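What's in upload-v7.cif: mmCIF, C-alpha atoms and all ligand atoms
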data_start
#
loop_
_atom_site.label_atom_id
_atom_site.label_comp_id
_atom_site.auth_asym_id
_atom_site.auth_seq_id
_atom_site.Cartn_x
_atom_site.Cartn_y
_atom_site.Cartn_z
CA MET A 1 -18.14 -57.77 -99.16
CA GLN A 2 -17.98 -57.06 -95.38
CA GLU A 3 -15.39 -54.34 -95.96
CA LEU A 4 -17.51 -52.74 -98.67
CA LEU A 5 -20.60 -52.83 -96.44
CA THR A 6 -18.70 -51.22 -93.56
CA LEU A 7 -17.27 -48.56 -95.85
CA ILE A 8 -20.69 -47.63 -97.24
CA VAL A 9 -22.33 -47.61 -93.78
CA THR A 10 -19.60 -45.23 -92.60
CA TRP A 11 -20.04 -43.04 -95.67
CA LEU A 12 -23.82 -42.93 -95.15
CA ALA A 13 -23.41 -41.98 -91.48
CA ILE A 14 -20.92 -39.19 -92.25
CA THR A 15 -22.62 -37.83 -95.37
CA PHE A 16 -26.29 -38.14 -94.43
CA GLY A 17 -26.28 -38.44 -90.64
CA LEU A 18 -27.91 -41.86 -90.73
CA PRO A 19 -27.39 -43.92 -87.56
CA ALA A 20 -24.33 -46.14 -88.07
CA THR A 21 -24.41 -49.74 -86.85
CA ASP A 22 -22.01 -52.64 -86.44
CA GLU A 23 -24.85 -54.97 -87.35
CA LEU A 24 -24.30 -55.54 -91.04
CA PRO A 25 -27.09 -56.98 -93.18
CA ARG A 26 -26.95 -60.39 -94.77
CA VAL A 27 -26.41 -60.26 -98.52
CA ALA A 28 -27.91 -62.84 -100.89
CA PHE A 29 -27.42 -63.09 -104.64
CA VAL A 30 -30.53 -64.23 -106.48
CA SER A 31 -31.68 -64.90 -110.04
CA PRO A 32 -34.14 -62.53 -111.79
CA ALA A 33 -36.95 -65.09 -111.22
CA GLU A 34 -36.16 -65.33 -107.50
CA MET A 35 -36.10 -61.52 -107.29
CA VAL A 36 -39.63 -61.38 -108.74
CA ASP A 37 -40.80 -64.03 -106.22
CA ILE A 38 -39.32 -62.11 -103.31
CA ARG A 39 -40.92 -58.89 -104.49
CA LEU A 40 -44.33 -60.52 -104.98
CA SER A 41 -44.25 -62.21 -101.57
CA ARG A 42 -43.50 -58.82 -100.01
CA VAL A 43 -46.47 -57.23 -101.79
CA GLU A 44 -48.71 -59.98 -100.37
CA THR A 45 -47.33 -59.39 -96.89
CA ALA A 46 -48.02 -55.69 -97.27
CA ALA A 47 -51.59 -56.42 -98.32
CA GLU A 48 -52.06 -58.19 -95.01
CA GLY A 49 -51.35 -54.93 -93.23
CA SER A 50 -47.66 -54.81 -92.39
CA VAL A 51 -45.41 -52.07 -93.65
CA MET A 52 -43.73 -52.58 -96.96
CA ALA A 53 -40.12 -51.52 -97.38
CA GLU A 54 -40.59 -50.49 -100.98
CA PRO A 55 -43.54 -48.49 -102.22
CA ARG A 56 -46.13 -49.93 -104.57
CA LEU A 57 -44.72 -49.84 -108.04
CA SER A 58 -46.54 -48.68 -111.10
CA THR A 59 -44.45 -50.87 -113.38
CA PRO A 60 -44.90 -54.64 -113.21
CA PRO A 61 -42.15 -56.48 -111.33
CA GLU A 62 -41.09 -58.37 -114.42
CA ALA A 63 -40.12 -55.03 -115.98
CA SER A 64 -37.03 -53.04 -115.01
CA GLN A 65 -37.71 -53.36 -111.27
CA ALA A 66 -36.78 -57.03 -111.37
CA LEU A 67 -33.21 -56.00 -112.12
CA TYR A 68 -32.94 -54.00 -108.93
CA ALA A 69 -32.18 -54.98 -105.39
CA ILE A 70 -34.48 -55.59 -102.42
CA TYR A 71 -34.02 -55.16 -98.69
CA ASP A 72 -36.09 -57.32 -96.36
CA ASP A 73 -36.58 -55.66 -92.97
CA HIS A 74 -37.55 -58.86 -91.19
CA SER A 75 -34.55 -61.00 -92.14
CA ARG A 76 -32.25 -57.96 -92.52
CA THR A 77 -31.20 -59.27 -95.91
CA ILE A 78 -30.19 -57.39 -99.02
CA PHE A 79 -31.04 -59.32 -102.17
CA LEU A 80 -28.79 -58.44 -105.09
CA PRO A 81 -29.02 -59.70 -108.67
CA GLU A 82 -26.67 -62.64 -109.28
CA ARG A 83 -24.91 -60.65 -112.01
CA TRP A 84 -24.04 -57.92 -109.44
CA ALA A 85 -20.41 -56.73 -109.67
CA ALA A 86 -18.46 -54.84 -107.00
CA ASP A 87 -16.50 -52.93 -109.66
CA SER A 88 -19.63 -51.43 -111.22
CA PRO A 89 -20.55 -48.03 -109.72
CA SER A 90 -24.23 -48.50 -110.67
CA ASP A 91 -24.33 -51.98 -109.08
CA VAL A 92 -22.70 -50.66 -105.90
CA SER A 93 -25.21 -47.78 -105.89
CA MET A 94 -28.02 -50.38 -105.56
CA LEU A 95 -26.22 -51.67 -102.48
CA VAL A 96 -25.98 -48.08 -101.18
CA HIS A 97 -29.77 -47.67 -101.64
CA GLU A 98 -30.59 -50.88 -99.79
CA LEU A 99 -28.07 -50.14 -97.02
CA VAL A 100 -30.00 -46.93 -96.32
CA HIS A 101 -33.07 -49.13 -95.74
CA HIS A 102 -31.00 -51.34 -93.44
CA LEU A 103 -29.88 -48.33 -91.36
CA GLN A 104 -33.48 -47.06 -91.26
CA ASN A 105 -34.60 -50.50 -90.07
CA VAL A 106 -31.88 -51.14 -87.47
CA GLY A 107 -32.02 -47.51 -86.30
CA GLY A 108 -35.80 -47.70 -85.88
CA LEU A 109 -36.36 -44.55 -87.95
CA ASP A 110 -39.98 -43.59 -88.53
CA TYR A 111 -41.39 -42.27 -91.78
CA ALA A 112 -44.87 -41.05 -92.66
CA CYS A 113 -45.23 -43.69 -95.36
CA ALA A 114 -43.26 -46.28 -97.34
CA GLU A 115 -42.59 -43.72 -100.07
CA ALA A 116 -41.02 -41.24 -97.61
CA ARG A 117 -38.61 -43.99 -96.61
CA GLU A 118 -37.39 -44.07 -100.21
CA ARG A 119 -36.32 -40.42 -100.31
CA PRO A 120 -33.04 -40.77 -98.33
CA ALA A 121 -32.29 -44.01 -100.18
CA TYR A 122 -32.57 -42.36 -103.59
CA GLN A 123 -30.65 -39.30 -102.36
CA ALA A 124 -27.76 -41.47 -101.18
CA GLN A 125 -27.82 -43.54 -104.36
CA ALA A 126 -27.78 -40.40 -106.52
CA ARG A 127 -24.89 -38.93 -104.52
CA TRP A 128 -22.91 -42.16 -104.88
CA LEU A 129 -23.46 -42.17 -108.65
CA GLU A 130 -22.45 -38.51 -108.80
CA ILE A 131 -19.03 -39.41 -107.32
CA PHE A 132 -18.55 -41.72 -110.31
CA GLY A 133 -19.78 -39.09 -112.77
CA THR A 134 -23.16 -40.59 -113.52
CA THR A 135 -26.82 -40.18 -112.53
CA LEU A 136 -29.88 -42.29 -111.69
CA PHE A 137 -31.19 -41.48 -115.14
CA ASP A 138 -28.00 -42.50 -116.98
CA ALA A 139 -27.50 -45.64 -114.90
CA PHE A 140 -31.13 -46.80 -114.45
CA GLU A 141 -33.25 -44.55 -116.69
CA VAL A 142 -35.02 -43.31 -113.57
CA ASP A 143 -36.03 -39.69 -114.19
CA PRO A 144 -36.64 -37.00 -111.53
CA MET A 145 -40.45 -37.23 -111.91
CA THR A 146 -40.37 -40.97 -111.20
CA ILE A 147 -38.21 -40.33 -108.12
CA HIS A 148 -40.67 -37.66 -107.02
CA LEU A 149 -43.61 -40.07 -107.32
CA ARG A 150 -41.77 -42.90 -105.59
CA THR A 151 -40.74 -40.75 -102.63
CA ARG A 152 -43.87 -38.81 -101.73
CA CYS A 153 -46.74 -39.97 -99.56
CA MET A 154 -49.89 -40.61 -101.59
CA HIS A 155 -52.32 -40.54 -98.65
ZN ZN A 201 -35.85 -48.41 -101.68
#
Just give me the structure of the file as structure tokens.
Amino acid sequence: MQELLTLIVTWLAITFGLPATDELPRVAFVSPAEMVDIRLSRVETAAEGSVMAEPRLSTPPEASQALYAIYDDHSRTIFLPERWAADSPSDVSMLVHELVHHLQNVGGLDYACAEARERPAYQAQARWLEIFGTTLFDAFEVDPMTIHLRTRCMH
């Protein structure tokens, strides 16, 4: 896993100019139920006024979102689904997405809102999928309009 993380961090730095770091995130594999708990606890934290790493989601967490990964800025941990597989391009693309958030966090990059922080993450994820001949829509049924809404500031 460390080699894969280093490879993706290097790829992100070269391809997107994100600040590279030797500080790799922790990676934890969690069940779907644990993923929902983590996501809900983060929404509560955000309600108390701190910045949320992921934007508010229009779909309930128990829907498709629960299958995805989460990055926690505070503990610098990427949570992946327990069924995650390193030989699946779509699974690795989730890691790519969350590693962008890690580089944003460690690099201290500022964004106008939580949604704006998502834009480079989705761009990198889409590019990674492209290398393997697939798209966000084919792999996750995420269409361009959804990406647009998730990556633009609402206020
Ligand atoms: Zn994200």
If you measure from CA of Gly108 (chain A) to CA of Glu34 (chain A), what distance in Å do you get, rounded to one decimal?
27.9 Å
What is the CA of Phe140 (chain A)-CA of Cys113 (chain A) distance in Å, reported with one decimal?
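Between CA of Phe140 (chain A) and CA of Cys113 (chain A) the gap is 23.9 Å.
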In terms of the shortest atom-to-atom distance over all atoms listed in the file, which of A:Glu82, A:Asp110, A:Glu44, A:Glu3 is closest to Leu24 (chain A)?
A:Glu3
Show me a table, sorted first by chain and then by increasing residue number, of the residues of chain A having an atom at most 12 Å from ligand ZN 201 (chain A), each with its shortest atom pair and the distance in Å to one decimal, counting all atoms listed in the file and written as a tab-separated table.
residue	atom	partner	partner_atom	distance
A:Arg39	CA	A:ZN201	ZN	12.0
A:Met52	CA	A:ZN201	ZN	10.1
A:Ala53	CA	A:ZN201	ZN	6.8
A:Glu54	CA	A:ZN201	ZN	5.2
A:Pro55	CA	A:ZN201	ZN	7.7
A:Arg56	CA	A:ZN201	ZN	10.8
A:Leu57	CA	A:ZN201	ZN	11.0
A:Gln65	CA	A:ZN201	ZN	11.0
A:Tyr68	CA	A:ZN201	ZN	9.6
A:Ala69	CA	A:ZN201	ZN	8.4
A:Ile70	CA	A:ZN201	ZN	7.3
A:Tyr71	CA	A:ZN201	ZN	7.6
A:Asp72	CA	A:ZN201	ZN	10.4
A:Asp73	CA	A:ZN201	ZN	11.4
A:Ile78	CA	A:ZN201	ZN	10.9
A:Phe79	CA	A:ZN201	ZN	11.9
A:Ser93	CA	A:ZN201	ZN	11.5
A:Met94	CA	A:ZN201	ZN	9.0
A:Leu95	CA	A:ZN201	ZN	10.2
A:Val96	CA	A:ZN201	ZN	9.9
A:His97	CA	A:ZN201	ZN	6.1
A:Glu98	CA	A:ZN201	ZN	6.1
A:Leu99	CA	A:ZN201	ZN	9.2
A:Val100	CA	A:ZN201	ZN	8.1
A:His101	CA	A:ZN201	ZN	6.6
A:His102	CA	A:ZN201	ZN	10.0
A:Leu103	CA	A:ZN201	ZN	11.9
A:Gln104	CA	A:ZN201	ZN	10.8
A:Asn105	CA	A:ZN201	ZN	11.9
A:Ala114	CA	A:ZN201	ZN	8.8
A:Glu115	CA	A:ZN201	ZN	8.4
A:Ala116	CA	A:ZN201	ZN	9.7
A:Arg117	CA	A:ZN201	ZN	7.3
A:Glu118	CA	A:ZN201	ZN	4.8
A:Arg119	CA	A:ZN201	ZN	8.1
A:Pro120	CA	A:ZN201	ZN	8.8
A:Ala121	CA	A:ZN201	ZN	5.9
A:Tyr122	CA	A:ZN201	ZN	7.1
A:Gln123	CA	A:ZN201	ZN	10.5
A:Ala124	CA	A:ZN201	ZN	10.7
A:Gln125	CA	A:ZN201	ZN	9.8
A:Ile147	CA	A:ZN201	ZN	10.6
A:Arg150	CA	A:ZN201	ZN	9.0
A:Thr151	CA	A:ZN201	ZN	9.1
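Separating CA of Pro89 (chain A) from CA of Leu4 (chain A) is a distance of 12.4 Å.
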Just want the 12 Å neighbourhood of Asp138 (chain A), counted on all atoms listed in the file, with same-chain residues fewer than 6 positions away dropped. Output as a list in words.
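So the residues in contact are Pro89, Ser90, Ala126, Leu129, Glu130, Phe132 and Pro144 of chain A.
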Which of these, A:Ile8, A:Ala112, A:Met1, A:Val43, has the shortest distance to Ala28 (chain A) once you count all atoms listed in the file?
A:Met1
Take region 11-34 of chain A, bring it up to N, CA and C atoms, and give me the output as a JSON list (two decimals), keeping the file's coordinate frame.
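Okay, selection-v3.json is ready:
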[["chain", "number", "residue", "atom", "x", "y", "z"],
["A", 11, "TRP", "N", -19.81, -44.16, -94.75],
["A", 11, "TRP", "CA", -20.04, -43.04, -95.67],
["A", 11, "TRP", "C", -21.47, -42.49, -95.49],
["A", 12, "LEU", "N", -22.44, -43.37, -95.33],
["A", 12, "LEU", "CA", -23.82, -42.93, -95.15],
["A", 12, "LEU", "C", -23.99, -42.17, -93.83],
["A", 13, "ALA", "N", -23.30, -42.63, -92.79],
["A", 13, "ALA", "CA", -23.41, -41.98, -91.48],
["A", 13, "ALA", "C", -22.79, -40.58, -91.54],
["A", 14, "ILE", "N", -21.63, -40.48, -92.19],
["A", 14, "ILE", "CA", -20.92, -39.19, -92.25],
["A", 14, "ILE", "C", -21.66, -38.22, -93.18],
["A", 15, "THR", "N", -22.07, -38.72, -94.34],
["A", 15, "THR", "CA", -22.62, -37.83, -95.37],
["A", 15, "THR", "C", -24.07, -37.45, -95.10],
["A", 16, "PHE", "N", -24.85, -38.39, -94.57],
["A", 16, "PHE", "CA", -26.29, -38.14, -94.43],
["A", 16, "PHE", "C", -26.78, -38.19, -92.99],
["A", 17, "GLY", "N", -25.87, -38.42, -92.04],
["A", 17, "GLY", "CA", -26.28, -38.44, -90.64],
["A", 17, "GLY", "C", -27.16, -39.61, -90.28],
["A", 18, "LEU", "N", -27.13, -40.66, -91.08],
["A", 18, "LEU", "CA", -27.91, -41.86, -90.73],
["A", 18, "LEU", "C", -27.22, -42.58, -89.57],
["A", 19, "PRO", "N", -28.00, -43.24, -88.71],
["A", 19, "PRO", "CA", -27.39, -43.92, -87.56],
["A", 19, "PRO", "C", -26.54, -45.12, -88.01],
["A", 20, "ALA", "N", -25.23, -45.05, -87.71],
["A", 20, "ALA", "CA", -24.33, -46.14, -88.07],
["A", 20, "ALA", "C", -24.61, -47.35, -87.17],
["A", 21, "THR", "N", -24.23, -48.52, -87.64],
["A", 21, "THR", "CA", -24.41, -49.74, -86.85],
["A", 21, "THR", "C", -23.30, -50.73, -87.18],
["A", 22, "ASP", "N", -22.95, -51.54, -86.20],
["A", 22, "ASP", "CA", -22.01, -52.64, -86.44],
["A", 22, "ASP", "C", -22.72, -53.86, -86.98],
["A", 23, "GLU", "N", -24.05, -53.83, -86.87],
["A", 23, "GLU", "CA", -24.85, -54.97, -87.35],
["A", 23, "GLU", "C", -25.02, -54.86, -88.85],
["A", 24, "LEU", "N", -24.21, -55.59, -89.58],
["A", 24, "LEU", "CA", -24.30, -55.54, -91.04],
["A", 24, "LEU", "C", -25.43, -56.46, -91.52],
["A", 25, "PRO", "N", -26.03, -56.12, -92.65],
["A", 25, "PRO", "CA", -27.09, -56.98, -93.18],
["A", 25, "PRO", "C", -26.50, -58.25, -93.80],
["A", 26, "ARG", "N", -27.36, -59.25, -93.97],
["A", 26, "ARG", "CA", -26.95, -60.39, -94.77],
["A", 26, "ARG", "C", -27.11, -59.98, -96.22],
["A", 27, "VAL", "N", -26.30, -60.56, -97.09],
["A", 27, "VAL", "CA", -26.41, -60.26, -98.52],
["A", 27, "VAL", "C", -26.61, -61.58, -99.26],
["A", 28, "ALA", "N", -27.64, -61.63, -100.10],
["A", 28, "ALA", "CA", -27.91, -62.84, -100.89],
["A", 28, "ALA", "C", -27.97, -62.47, -102.37],
["A", 29, "PHE", "N", -27.39, -63.31, -103.18],
["A", 29, "PHE", "CA", -27.42, -63.09, -104.64],
["A", 29, "PHE", "C", -28.47, -64.02, -105.24],
["A", 30, "VAL", "N", -29.41, -63.44, -105.97],
["A", 30, "VAL", "CA", -30.53, -64.23, -106.48],
["A", 30, "VAL", "C", -30.74, -64.01, -107.98],
["A", 31, "SER", "N", -31.38, -64.98, -108.60],
["A", 31, "SER", "CA", -31.68, -64.90, -110.04],
["A", 31, "SER", "C", -32.83, -63.91, -110.26],
["A", 32, "PRO", "N", -33.01, -63.43, -111.50],
["A", 32, "PRO", "CA", -34.14, -62.53, -111.79],
["A", 32, "PRO", "C", -35.48, -63.14, -111.36],
["A", 33, "ALA", "N", -35.68, -64.44, -111.59],
["A", 33, "ALA", "CA", -36.95, -65.09, -111.22],
["A", 33, "ALA", "C", -37.14, -65.08, -109.70],
["A", 34, "GLU", "N", -36.07, -65.36, -108.97],
["A", 34, "GLU", "CA", -36.16, -65.33, -107.50],
["A", 34, "GLU", "C", -36.46, -63.92, -107.01]]
